[in-house]
>>> print(open('target-v2.txt').read())   # compact mmCIF, C-alpha atoms and all ligand atoms
# COMPACT_ATOMS: atom_id res chain seq x y z
CA MET A 669 3.74 31.00 -5.91
CA ARG A 670 3.72 30.16 -9.59
CA LYS A 671 0.30 29.48 -11.18
CA TYR A 672 0.11 26.98 -14.05
CA GLU A 673 -2.16 27.88 -16.94
CA ARG A 674 -1.84 25.18 -19.57
CA PHE A 675 -2.10 21.45 -18.94
CA THR A 676 -1.88 18.27 -21.02
CA GLU A 677 -5.14 16.40 -20.46
CA LEU A 678 -4.92 12.61 -20.44
CA ILE A 679 -8.36 10.99 -20.22
CA THR A 680 -7.63 7.68 -18.56
CA SER A 681 -10.50 5.77 -20.21
CA GLN A 682 -8.96 6.56 -23.62
CA ARG A 683 -5.51 5.23 -22.70
CA GLU A 684 -3.90 1.80 -22.27
CA PRO A 685 -3.48 0.60 -18.65
CA ARG A 686 0.30 0.58 -19.14
CA ALA A 687 0.30 4.25 -20.22
CA ASN A 688 -1.87 5.19 -17.22
CA HIS A 689 0.53 3.21 -15.03
CA HIS A 690 3.55 5.23 -16.20
CA THR A 691 1.73 8.55 -15.78
CA LEU A 692 0.52 7.57 -12.31
CA LEU A 693 4.05 6.60 -11.23
CA SER A 694 5.38 9.95 -12.44
CA CYS A 695 2.80 11.88 -10.39
CA VAL A 696 2.75 9.87 -7.15
CA LEU A 697 6.31 9.85 -5.86
CA PRO A 698 8.56 9.12 -4.14
CA ARG A 699 6.76 5.96 -3.06
CA PRO A 700 8.04 4.06 -0.04
CA ILE A 701 8.86 0.41 -0.64
CA ALA A 702 7.29 -2.48 1.28
CA PHE A 703 9.65 -5.44 0.97
CA VAL A 704 7.13 -8.13 1.80
CA SER A 705 7.94 -11.61 3.06
CA THR A 706 5.27 -14.32 3.01
CA LEU A 707 5.26 -18.09 3.20
CA GLY A 708 4.06 -20.25 0.31
CA PRO A 709 1.83 -23.28 0.83
CA ASP A 710 4.87 -25.59 0.97
CA GLY A 711 6.61 -23.33 3.47
CA VAL A 712 8.87 -21.71 0.83
CA PRO A 713 9.67 -18.12 1.87
CA ASN A 714 8.73 -15.47 -0.68
CA LEU A 715 10.10 -11.95 -0.84
CA ALA A 716 9.03 -9.10 -3.17
CA PRO A 717 9.00 -5.27 -3.19
CA PHE A 718 5.83 -3.20 -3.59
CA SER A 719 5.80 0.58 -3.91
CA PHE A 720 2.04 0.99 -4.07
CA PHE A 721 2.46 1.14 -0.31
CA THR A 722 1.67 3.46 2.55
CA GLY A 723 0.73 3.67 6.21
CA ILE A 724 -2.96 4.37 6.77
CA CYS A 725 -3.69 4.65 10.50
CA ALA A 726 -2.34 4.09 13.99
CA ASN A 727 -5.29 2.51 15.82
CA PRO A 728 -4.72 -0.20 14.90
CA PRO A 729 -1.33 0.47 13.29
CA ALA A 730 -1.98 -0.48 9.68
CA VAL A 731 -0.52 -0.28 6.21
CA ILE A 732 -1.73 -1.01 2.70
CA PHE A 733 0.18 -2.29 -0.30
CA SER A 734 -1.08 -3.49 -3.66
CA PRO A 735 0.21 -6.47 -5.62
CA ALA A 736 -1.20 -5.97 -9.11
CA ILE A 737 -2.54 -8.64 -11.43
CA ASN A 738 0.39 -9.04 -13.82
CA ILE A 739 0.40 -8.27 -17.52
CA LYS A 740 -0.51 -11.91 -18.32
CA GLY A 741 -3.56 -11.66 -16.03
CA GLN A 742 -1.98 -13.74 -13.21
CA GLU A 743 -1.84 -13.13 -9.47
CA LYS A 744 1.56 -12.53 -7.86
CA ASP A 745 2.89 -15.04 -5.32
CA THR A 746 2.72 -12.49 -2.49
CA LEU A 747 -1.02 -11.97 -3.02
CA ARG A 748 -1.77 -15.71 -3.08
CA ASN A 749 0.39 -16.41 -0.04
CA LEU A 750 -1.08 -13.56 2.00
CA ARG A 751 -4.65 -14.54 1.14
CA GLU A 752 -3.96 -18.17 2.13
CA SER A 753 -1.90 -17.60 5.28
CA GLY A 754 -3.13 -14.19 6.46
CA GLU A 755 0.40 -13.20 7.50
CA CYS A 756 3.33 -11.19 6.18
CA VAL A 757 6.33 -9.14 7.25
CA ILE A 758 6.90 -5.71 5.75
CA ASN A 759 10.63 -5.02 5.70
CA VAL A 760 11.83 -1.51 4.92
CA VAL A 761 14.37 -0.84 2.15
CA ASN A 762 17.44 1.30 2.76
CA HIS A 763 20.12 2.41 0.33
CA GLU A 764 22.44 -0.46 1.26
CA ILE A 765 20.01 -3.20 0.20
CA ARG A 766 18.62 -1.47 -2.90
CA GLU A 767 20.28 -3.75 -5.47
CA ALA A 768 19.43 -7.02 -3.74
CA MET A 769 15.85 -5.78 -3.23
CA ASN A 770 15.67 -5.11 -6.96
CA GLN A 771 16.94 -8.64 -7.66
CA ALA A 772 14.16 -10.05 -5.47
CA SER A 773 11.59 -8.36 -7.75
CA PHE A 774 12.51 -10.80 -10.54
CA PRO A 775 9.45 -12.99 -11.28
CA TYR A 776 10.85 -16.19 -9.79
CA PRO A 777 8.49 -19.21 -9.75
CA PRO A 778 6.75 -19.91 -6.41
CA ASP A 779 9.10 -22.79 -5.51
CA VAL A 780 12.16 -20.50 -5.46
CA ASN A 781 13.25 -19.19 -2.06
CA GLU A 782 13.72 -15.50 -2.88
CA PHE A 783 15.76 -14.89 0.30
CA GLU A 784 18.39 -17.23 -1.14
CA ALA A 785 17.96 -16.04 -4.73
CA ALA A 786 18.57 -12.40 -3.78
CA GLY A 787 21.11 -13.02 -0.98
CA PHE A 788 19.07 -12.11 2.11
CA THR A 789 19.20 -13.74 5.56
CA PRO A 790 15.91 -14.90 7.13
CA LEU A 791 15.36 -13.95 10.78
CA PRO A 792 12.55 -15.67 12.72
CA SER A 793 9.54 -13.47 13.48
CA ILE A 794 7.97 -13.56 16.95
CA ILE A 795 4.25 -13.41 16.11
CA VAL A 796 3.81 -14.47 12.47
CA LYS A 797 5.38 -17.34 10.55
CA PRO A 798 7.03 -15.55 7.57
CA PRO A 799 10.64 -14.64 8.37
CA ARG A 800 12.02 -11.12 8.59
CA VAL A 801 14.90 -9.81 6.46
CA ALA A 802 18.00 -9.43 8.65
CA GLU A 803 19.53 -6.90 6.23
CA SER A 804 16.50 -4.56 6.57
CA PRO A 805 16.91 -2.01 9.41
CA ALA A 806 13.21 -2.15 10.39
CA GLN A 807 10.58 -4.81 9.96
CA MET A 808 6.86 -4.95 10.72
CA GLU A 809 5.14 -8.24 11.48
CA ALA A 810 1.58 -8.01 10.19
CA THR A 811 -1.69 -9.89 9.77
CA LEU A 812 -4.17 -9.45 6.96
CA ILE A 813 -7.34 -7.44 7.69
CA GLU A 814 -8.83 -7.47 4.20
CA ILE A 815 -8.00 -7.56 0.48
CA VAL A 816 -9.91 -5.01 -1.60
CA LYS A 817 -9.93 -5.70 -5.32
CA VAL A 818 -9.71 -2.63 -7.58
CA GLY A 819 -10.57 -3.28 -11.25
CA GLN A 820 -10.24 -6.47 -13.28
CA GLY A 821 -7.56 -8.00 -15.50
CA PRO A 822 -3.92 -6.99 -16.18
CA LEU A 823 -2.58 -4.18 -13.95
CA SER A 824 -5.68 -4.14 -11.74
CA GLY A 825 -5.02 -3.78 -8.03
CA ASN A 826 -5.45 -5.80 -4.86
CA ILE A 827 -5.19 -3.55 -1.85
CA CYS A 828 -3.92 -5.65 1.03
CA ILE A 829 -4.87 -3.97 4.32
CA CYS A 830 -2.60 -5.28 7.07
CA GLU A 831 -2.44 -4.70 10.80
CA ILE A 832 1.03 -4.35 12.28
CA LYS A 833 1.47 -6.61 15.27
CA CYS A 834 5.13 -5.89 16.05
CA PHE A 835 7.73 -3.35 14.96
CA HIS A 836 11.39 -4.35 15.00
CA ILE A 837 13.85 -1.46 14.72
CA ALA A 838 17.62 -2.03 14.59
CA GLN A 839 18.85 -0.95 18.02
CA GLU A 840 21.55 1.40 16.76
CA MET A 841 18.91 3.53 15.01
CA CYS A 842 16.01 3.23 17.48
CA LEU A 843 15.45 6.47 19.41
CA GLU A 844 14.28 6.50 23.06
CA ASN A 845 10.68 7.26 22.03
CA GLY A 846 10.54 4.10 19.92
CA THR A 847 10.87 5.81 16.53
CA ALA A 848 13.53 5.08 13.94
CA ASP A 849 16.21 7.75 13.39
CA ILE A 850 15.26 8.96 9.90
CA ALA A 851 18.81 10.08 9.09
CA GLN A 852 20.36 6.75 10.03
CA ILE A 853 17.74 4.45 8.58
CA ASP A 854 18.45 5.90 5.11
CA LEU A 855 15.34 4.57 3.34
CA VAL A 856 14.87 4.82 -0.41
CA GLY A 857 11.77 5.57 -2.46
CA ARG A 858 10.63 4.49 -5.89
CA LEU A 859 10.12 7.05 -8.64
CA GLY A 860 9.01 6.21 -12.21
CA GLY A 861 10.83 3.80 -14.56
CA ASP A 862 14.14 2.67 -13.06
CA GLY A 863 14.38 5.76 -10.82
CA TYR A 864 14.79 5.81 -7.05
CA SER A 865 15.45 8.51 -4.48
CA THR A 866 16.87 8.81 -1.00
CA VAL A 867 15.50 10.97 1.81
CA ARG A 868 18.85 12.64 2.44
CA ASP A 869 17.62 16.09 1.39
CA ARG A 870 15.11 16.91 4.12
CA PHE A 871 13.49 20.07 5.51
CA ASP A 872 11.24 20.91 8.45
CA LEU A 873 7.87 22.66 8.30
CA PRO A 874 6.65 23.59 11.76
CA LYS A 875 2.88 23.24 12.35
CA PRO A 876 0.96 26.25 10.93
CA SER A 877 -0.01 29.10 13.25
CA PRO A 878 -3.73 29.62 13.88
CA PRO A 879 -5.21 31.98 11.20
CA GLY A 880 -4.73 35.66 12.00
CA GLN A 881 -1.57 35.27 14.11
C1 LIG B 901 10.85 -1.04 -6.16
C2 LIG B 901 9.78 -1.92 -6.74
C3 LIG B 901 8.45 -1.66 -6.45
C4 LIG B 901 7.44 -2.48 -6.97
N1 LIG B 901 6.14 -2.20 -6.65
C5 LIG B 901 5.16 -3.01 -7.08
C6 LIG B 901 3.81 -2.76 -6.69
O1 LIG B 901 3.48 -1.83 -5.97
N2 LIG B 901 2.87 -3.63 -7.15
C7 LIG B 901 3.18 -4.71 -7.93
O2 LIG B 901 2.29 -5.47 -8.29
N3 LIG B 901 4.46 -4.97 -8.29
C8 LIG B 901 5.45 -4.16 -7.87
N4 LIG B 901 6.75 -4.43 -8.21
C9 LIG B 901 7.05 -5.65 -8.98
C10 LIG B 901 7.05 -6.90 -8.06
O3 LIG B 901 8.04 -6.77 -7.06
C11 LIG B 901 7.34 -8.14 -8.91
O4 LIG B 901 6.25 -8.34 -9.79
C12 LIG B 901 7.61 -9.39 -8.11
O5 LIG B 901 8.11 -10.40 -8.98
C13 LIG B 901 6.40 -9.95 -7.41
O6 LIG B 901 6.84 -11.10 -6.72
P1 LIG B 901 5.92 -12.25 -6.18
O7 LIG B 901 5.27 -12.91 -7.39
O8 LIG B 901 6.90 -13.15 -5.49
O9 LIG B 901 4.91 -11.67 -5.26
C14 LIG B 901 7.78 -3.59 -7.77
C15 LIG B 901 9.12 -3.84 -8.09
C16 LIG B 901 10.10 -3.01 -7.59
C17 LIG B 901 11.55 -3.29 -7.92
>>> encode(input="target-v2.txt", output="structure tokens")
Amino acid sequence: MRKYERFTELITSQREPRANHHTLLSCVLPRPIAFVSTLGPDGVPNLAPFSFFTGICANPPAVIFSPAINIKGQEKDTLRNLRESGECVINVVNHEIREAMNQASFPYPPDVNEFEAAGFTPLPSIIVKPPRVAESPAQMEATLIEIVKVGQGPLSGNICICEIKCFHIAQEMCLENGTADIAQIDLVGRLGGDGYSTVRDRFDLPKPSPPGQ
């Protein structure tokens, strides 16, 4: 294995938040994308992608994602809606819906139905009120456990910890054991800048043998 000897040191406290943001995105990738639906106070459906997103545990099944405070110091609609209603749906993003998902990331005002604006079809959920995205091959109905604030001001984070109450997996790609067929589901990940990746180039790593064998 190659050993690296020289590094560029970037002390985060001496850099602008935006510069740290770009460096972070280039080091933590590919990031899965939570395409989050919530309901606004007037019942307007909201839809937005978040790639500061991951699964965290299975008992209870839970995920986190983080809507940042925007560059003007304002909260995003998803954060406000989730805090108020305590409910969301996390829809996964495959290659087929990548462009419409990107359109939904436009900063529409809260009274715009982003399902309509980006061309998605709402599907009723069975446990929570926000609708699911019919064009997404798997959706997770979820309730809010807690919001943990990280930092203050523009680009600070709000980690939304959510418990998954129901998985929906498109039948044609749901295996007998209740998992999604990774090859068929064809999810995409976010890189830095405008970059994305697929998971079409995969490999297996069997569990390690006990030491000494
Ligand atoms: C693929 C992708 C991933 C994104 N990830 C995040 C993220 O993790 N956190 C964030 O605050 N914004 C993220 N954004 C930007 C939000 O989607 C965007 O600010 C959106 O307008 C928020 O919508 P809302 O105000 O309806 O919640 C991402 C955008 C894209 C296209």
>>> closest_atom_pairs(input="target-v2.txt", of="chain A", to="ligand LIG 901 (chain B)", cutoff="9 Å", atoms="only C-alpha atoms and all ligand atoms", output="CSV")
residue,atom,partner,partner_atom,distance
A:Arg699,CA,B:LIG901,C3,8.5
A:Pro700,CA,B:LIG901,C1,8.4
A:Ile701,CA,B:LIG901,C1,6.0
A:Ala702,CA,B:LIG901,C3,7.9
A:Phe703,CA,B:LIG901,O3,8.3
A:Val704,CA,B:LIG901,O9,8.2
A:Ser705,CA,B:LIG901,O8,8.7
A:Thr706,CA,B:LIG901,O9,8.7
A:Asn714,CA,B:LIG901,O8,5.6
A:Leu715,CA,B:LIG901,O8,5.8
A:Ala716,CA,B:LIG901,O6,4.6
A:Pro717,CA,B:LIG901,O3,4.3
A:Phe718,CA,B:LIG901,N1,3.2
A:Ser719,CA,B:LIG901,N1,3.9
A:Phe720,CA,B:LIG901,O1,3.7
A:Phe721,CA,B:LIG901,O1,6.5
A:Phe733,CA,B:LIG901,O1,6.6
A:Ser734,CA,B:LIG901,N2,5.3
A:Pro735,CA,B:LIG901,O2,3.5
A:Ala736,CA,B:LIG901,O2,3.6
A:Ile737,CA,B:LIG901,O2,6.6
A:Asn738,CA,B:LIG901,O2,6.9
A:Glu743,CA,B:LIG901,O7,7.4
A:Lys744,CA,B:LIG901,O7,3.8
A:Asp745,CA,B:LIG901,O7,3.8
A:Thr746,CA,B:LIG901,O9,3.6
A:Leu747,CA,B:LIG901,O9,6.3
A:Arg748,CA,B:LIG901,O9,8.1
A:Asn749,CA,B:LIG901,O9,8.4
A:Arg766,CA,B:LIG901,C1,8.4
A:Met769,CA,B:LIG901,C17,6.8
A:Asn770,CA,B:LIG901,C17,4.6
A:Gln771,CA,B:LIG901,C17,7.6
A:Ala772,CA,B:LIG901,O5,7.0
A:Ser773,CA,B:LIG901,O3,4.0
A:Phe774,CA,B:LIG901,O5,4.7
A:Pro775,CA,B:LIG901,O5,3.7
A:Tyr776,CA,B:LIG901,O5,6.5
A:Pro777,CA,B:LIG901,O7,7.5
A:Pro778,CA,B:LIG901,O8,6.8
A:Glu782,CA,B:LIG901,O8,7.7
A:Leu823,CA,B:LIG901,O2,7.6
A:Ser824,CA,B:LIG901,O2,8.8
A:Gly825,CA,B:LIG901,O2,7.5
A:Asn826,CA,B:LIG901,O2,8.5
A:Gly857,CA,B:LIG901,C1,7.6
A:Arg858,CA,B:LIG901,C1,5.5
A:Leu859,CA,B:LIG901,C1,8.5
A:Asp862,CA,B:LIG901,C17,8.3
A:Gly863,CA,B:LIG901,C1,9.0
A:Tyr864,CA,B:LIG901,C1,8.0
>>> residues_around(input="target-v2.txt", residues="Arg868 (chain A)", least_positions_apart="4", cutoff="12 Å", atoms="all atoms listed in the file", output="ChimeraX atom specification")
/A:762-763,850-857
>>> residues_around(input="target-v2.txt", residues="Val796 (chain A)", least_positions_apart="4", cutoff="12 Å", atoms="all atoms listed in the file", output="list in words")
Ser705, Thr706, Leu707, Leu750, Ser753, Gly754, Glu755, Cys756, Val757, Ile758, Leu791, Pro792, Arg800, Met808, Glu809, Ala810, Thr811, Leu812, Glu831, Ile832, Lys833 and Cys834 of chain A
>>> atom_distance(input="target-v2.txt", atom1="CA of Pro805 (chain A)", atom2="CA of Phe871 (chain A)")
22.7 Å
>>> residues_near_point(input="target-v2.txt", point="(14.1, 2.9, 15.3)", cutoff="8 Å", atoms="only C-alpha atoms", output="PyMOL selection string")
chain A and resi 806+836-843+846-849+853
>>> decode(input="target-v2.txt", residues="region 747-774 of chain A", atoms="N, CA and C atoms", output="PDB file, in the first residue's frame")
ATOM      1  N   LEU A 747     -36.523  22.111   7.208  1.00  0.00           N
ATOM      2  CA  LEU A 747     -36.219  22.160   8.646  1.00  0.00           C
ATOM      3  C   LEU A 747     -37.416  22.698   9.423  1.00  0.00           C
ATOM      4  N   ARG A 748     -37.975  23.805   8.937  1.00  0.00           N
ATOM      5  CA  ARG A 748     -39.141  24.402   9.636  1.00  0.00           C
ATOM      6  C   ARG A 748     -40.312  23.432   9.655  1.00  0.00           C
ATOM      7  N   ASN A 749     -40.593  22.830   8.502  1.00  0.00           N
ATOM      8  CA  ASN A 749     -41.741  21.921   8.412  1.00  0.00           C
ATOM      9  C   ASN A 749     -41.572  20.711   9.329  1.00  0.00           C
ATOM     10  N   LEU A 750     -40.354  20.161   9.347  1.00  0.00           N
ATOM     11  CA  LEU A 750     -40.115  18.953  10.145  1.00  0.00           C
ATOM     12  C   LEU A 750     -40.209  19.282  11.633  1.00  0.00           C
ATOM     13  N   ARG A 751     -39.675  20.436  12.016  1.00  0.00           N
ATOM     14  CA  ARG A 751     -39.745  20.828  13.431  1.00  0.00           C
ATOM     15  C   ARG A 751     -41.210  21.007  13.861  1.00  0.00           C
ATOM     16  N   GLU A 752     -42.016  21.634  12.967  1.00  0.00           N
ATOM     17  CA  GLU A 752     -43.419  21.902  13.303  1.00  0.00           C
ATOM     18  C   GLU A 752     -44.270  20.644  13.310  1.00  0.00           C
ATOM     19  N   SER A 753     -44.081  19.791  12.282  1.00  0.00           N
ATOM     20  CA  SER A 753     -44.999  18.651  12.108  1.00  0.00           C
ATOM     21  C   SER A 753     -44.459  17.355  12.687  1.00  0.00           C
ATOM     22  N   GLY A 754     -43.125  17.252  12.818  1.00  0.00           N
ATOM     23  CA  GLY A 754     -42.514  16.034  13.340  1.00  0.00           C
ATOM     24  C   GLY A 754     -42.538  14.861  12.376  1.00  0.00           C
ATOM     25  N   GLU A 755     -42.840  15.116  11.097  1.00  0.00           N
ATOM     26  CA  GLU A 755     -42.964  14.003  10.143  1.00  0.00           C
ATOM     27  C   GLU A 755     -42.283  14.325   8.810  1.00  0.00           C
ATOM     28  N   CYS A 756     -41.750  13.278   8.182  1.00  0.00           N
ATOM     29  CA  CYS A 756     -41.222  13.449   6.821  1.00  0.00           C
ATOM     30  C   CYS A 756     -41.211  12.092   6.119  1.00  0.00           C
ATOM     31  N   VAL A 757     -40.977  12.136   4.818  1.00  0.00           N
ATOM     32  CA  VAL A 757     -40.691  10.908   4.068  1.00  0.00           C
ATOM     33  C   VAL A 757     -39.341  11.107   3.396  1.00  0.00           C
ATOM     34  N   ILE A 758     -38.473  10.096   3.526  1.00  0.00           N
ATOM     35  CA  ILE A 758     -37.179  10.145   2.861  1.00  0.00           C
ATOM     36  C   ILE A 758     -37.281   9.237   1.642  1.00  0.00           C
ATOM     37  N   ASN A 759     -37.275   9.865   0.470  1.00  0.00           N
ATOM     38  CA  ASN A 759     -37.361   9.139  -0.798  1.00  0.00           C
ATOM     39  C   ASN A 759     -35.953   8.979  -1.334  1.00  0.00           C
ATOM     40  N   VAL A 760     -35.636   7.808  -1.889  1.00  0.00           N
ATOM     41  CA  VAL A 760     -34.285   7.626  -2.426  1.00  0.00           C
ATOM     42  C   VAL A 760     -34.230   8.185  -3.852  1.00  0.00           C
ATOM     43  N   VAL A 761     -33.006   8.428  -4.325  1.00  0.00           N
ATOM     44  CA  VAL A 761     -32.830   9.056  -5.648  1.00  0.00           C
ATOM     45  C   VAL A 761     -32.063   8.101  -6.555  1.00  0.00           C
ATOM     46  N   ASN A 762     -32.709   7.668  -7.633  1.00  0.00           N
ATOM     47  CA  ASN A 762     -32.003   6.828  -8.609  1.00  0.00           C
ATOM     48  C   ASN A 762     -31.624   7.655  -9.832  1.00  0.00           C
ATOM     49  N   HIS A 763     -30.916   6.998 -10.751  1.00  0.00           N
ATOM     50  CA  HIS A 763     -30.384   7.718 -11.908  1.00  0.00           C
ATOM     51  C   HIS A 763     -31.502   8.345 -12.735  1.00  0.00           C
ATOM     52  N   GLU A 764     -32.637   7.648 -12.810  1.00  0.00           N
ATOM     53  CA  GLU A 764     -33.724   8.126 -13.670  1.00  0.00           C
ATOM     54  C   GLU A 764     -34.310   9.464 -13.193  1.00  0.00           C
ATOM     55  N   ILE A 765     -34.315   9.705 -11.884  1.00  0.00           N
ATOM     56  CA  ILE A 765     -34.958  10.935 -11.409  1.00  0.00           C
ATOM     57  C   ILE A 765     -33.945  12.034 -11.047  1.00  0.00           C
ATOM     58  N   ARG A 766     -32.683  11.830 -11.472  1.00  0.00           N
ATOM     59  CA  ARG A 766     -31.631  12.760 -11.019  1.00  0.00           C
ATOM     60  C   ARG A 766     -31.915  14.213 -11.414  1.00  0.00           C
ATOM     61  N   GLU A 767     -32.389  14.420 -12.660  1.00  0.00           N
ATOM     62  CA  GLU A 767     -32.547  15.809 -13.110  1.00  0.00           C
ATOM     63  C   GLU A 767     -33.722  16.484 -12.424  1.00  0.00           C
ATOM     64  N   ALA A 768     -34.818  15.761 -12.264  1.00  0.00           N
ATOM     65  CA  ALA A 768     -35.981  16.351 -11.592  1.00  0.00           C
ATOM     66  C   ALA A 768     -35.671  16.596 -10.110  1.00  0.00           C
ATOM     67  N   MET A 769     -34.891  15.676  -9.507  1.00  0.00           N
ATOM     68  CA  MET A 769     -34.467  15.891  -8.109  1.00  0.00           C
ATOM     69  C   MET A 769     -33.668  17.189  -8.010  1.00  0.00           C
ATOM     70  N   ASN A 770     -32.779  17.393  -8.968  1.00  0.00           N
ATOM     71  CA  ASN A 770     -31.952  18.599  -8.966  1.00  0.00           C
ATOM     72  C   ASN A 770     -32.833  19.841  -9.098  1.00  0.00           C
ATOM     73  N   GLN A 771     -33.858  19.757  -9.951  1.00  0.00           N
ATOM     74  CA  GLN A 771     -34.783  20.891 -10.106  1.00  0.00           C
ATOM     75  C   GLN A 771     -35.468  21.216  -8.770  1.00  0.00           C
ATOM     76  N   ALA A 772     -35.811  20.169  -8.023  1.00  0.00           N
ATOM     77  CA  ALA A 772     -36.507  20.377  -6.744  1.00  0.00           C
ATOM     78  C   ALA A 772     -35.617  21.068  -5.718  1.00  0.00           C
ATOM     79  N   SER A 773     -34.296  21.101  -5.965  1.00  0.00           N
ATOM     80  CA  SER A 773     -33.400  21.766  -5.007  1.00  0.00           C
ATOM     81  C   SER A 773     -33.397  23.279  -5.197  1.00  0.00           C
ATOM     82  N   PHE A 774     -34.090  23.765  -6.236  1.00  0.00           N
ATOM     83  CA  PHE A 774     -34.175  25.219  -6.431  1.00  0.00           C
ATOM     84  C   PHE A 774     -34.852  25.837  -5.197  1.00  0.00           C
TER      85      PHE A 774
END
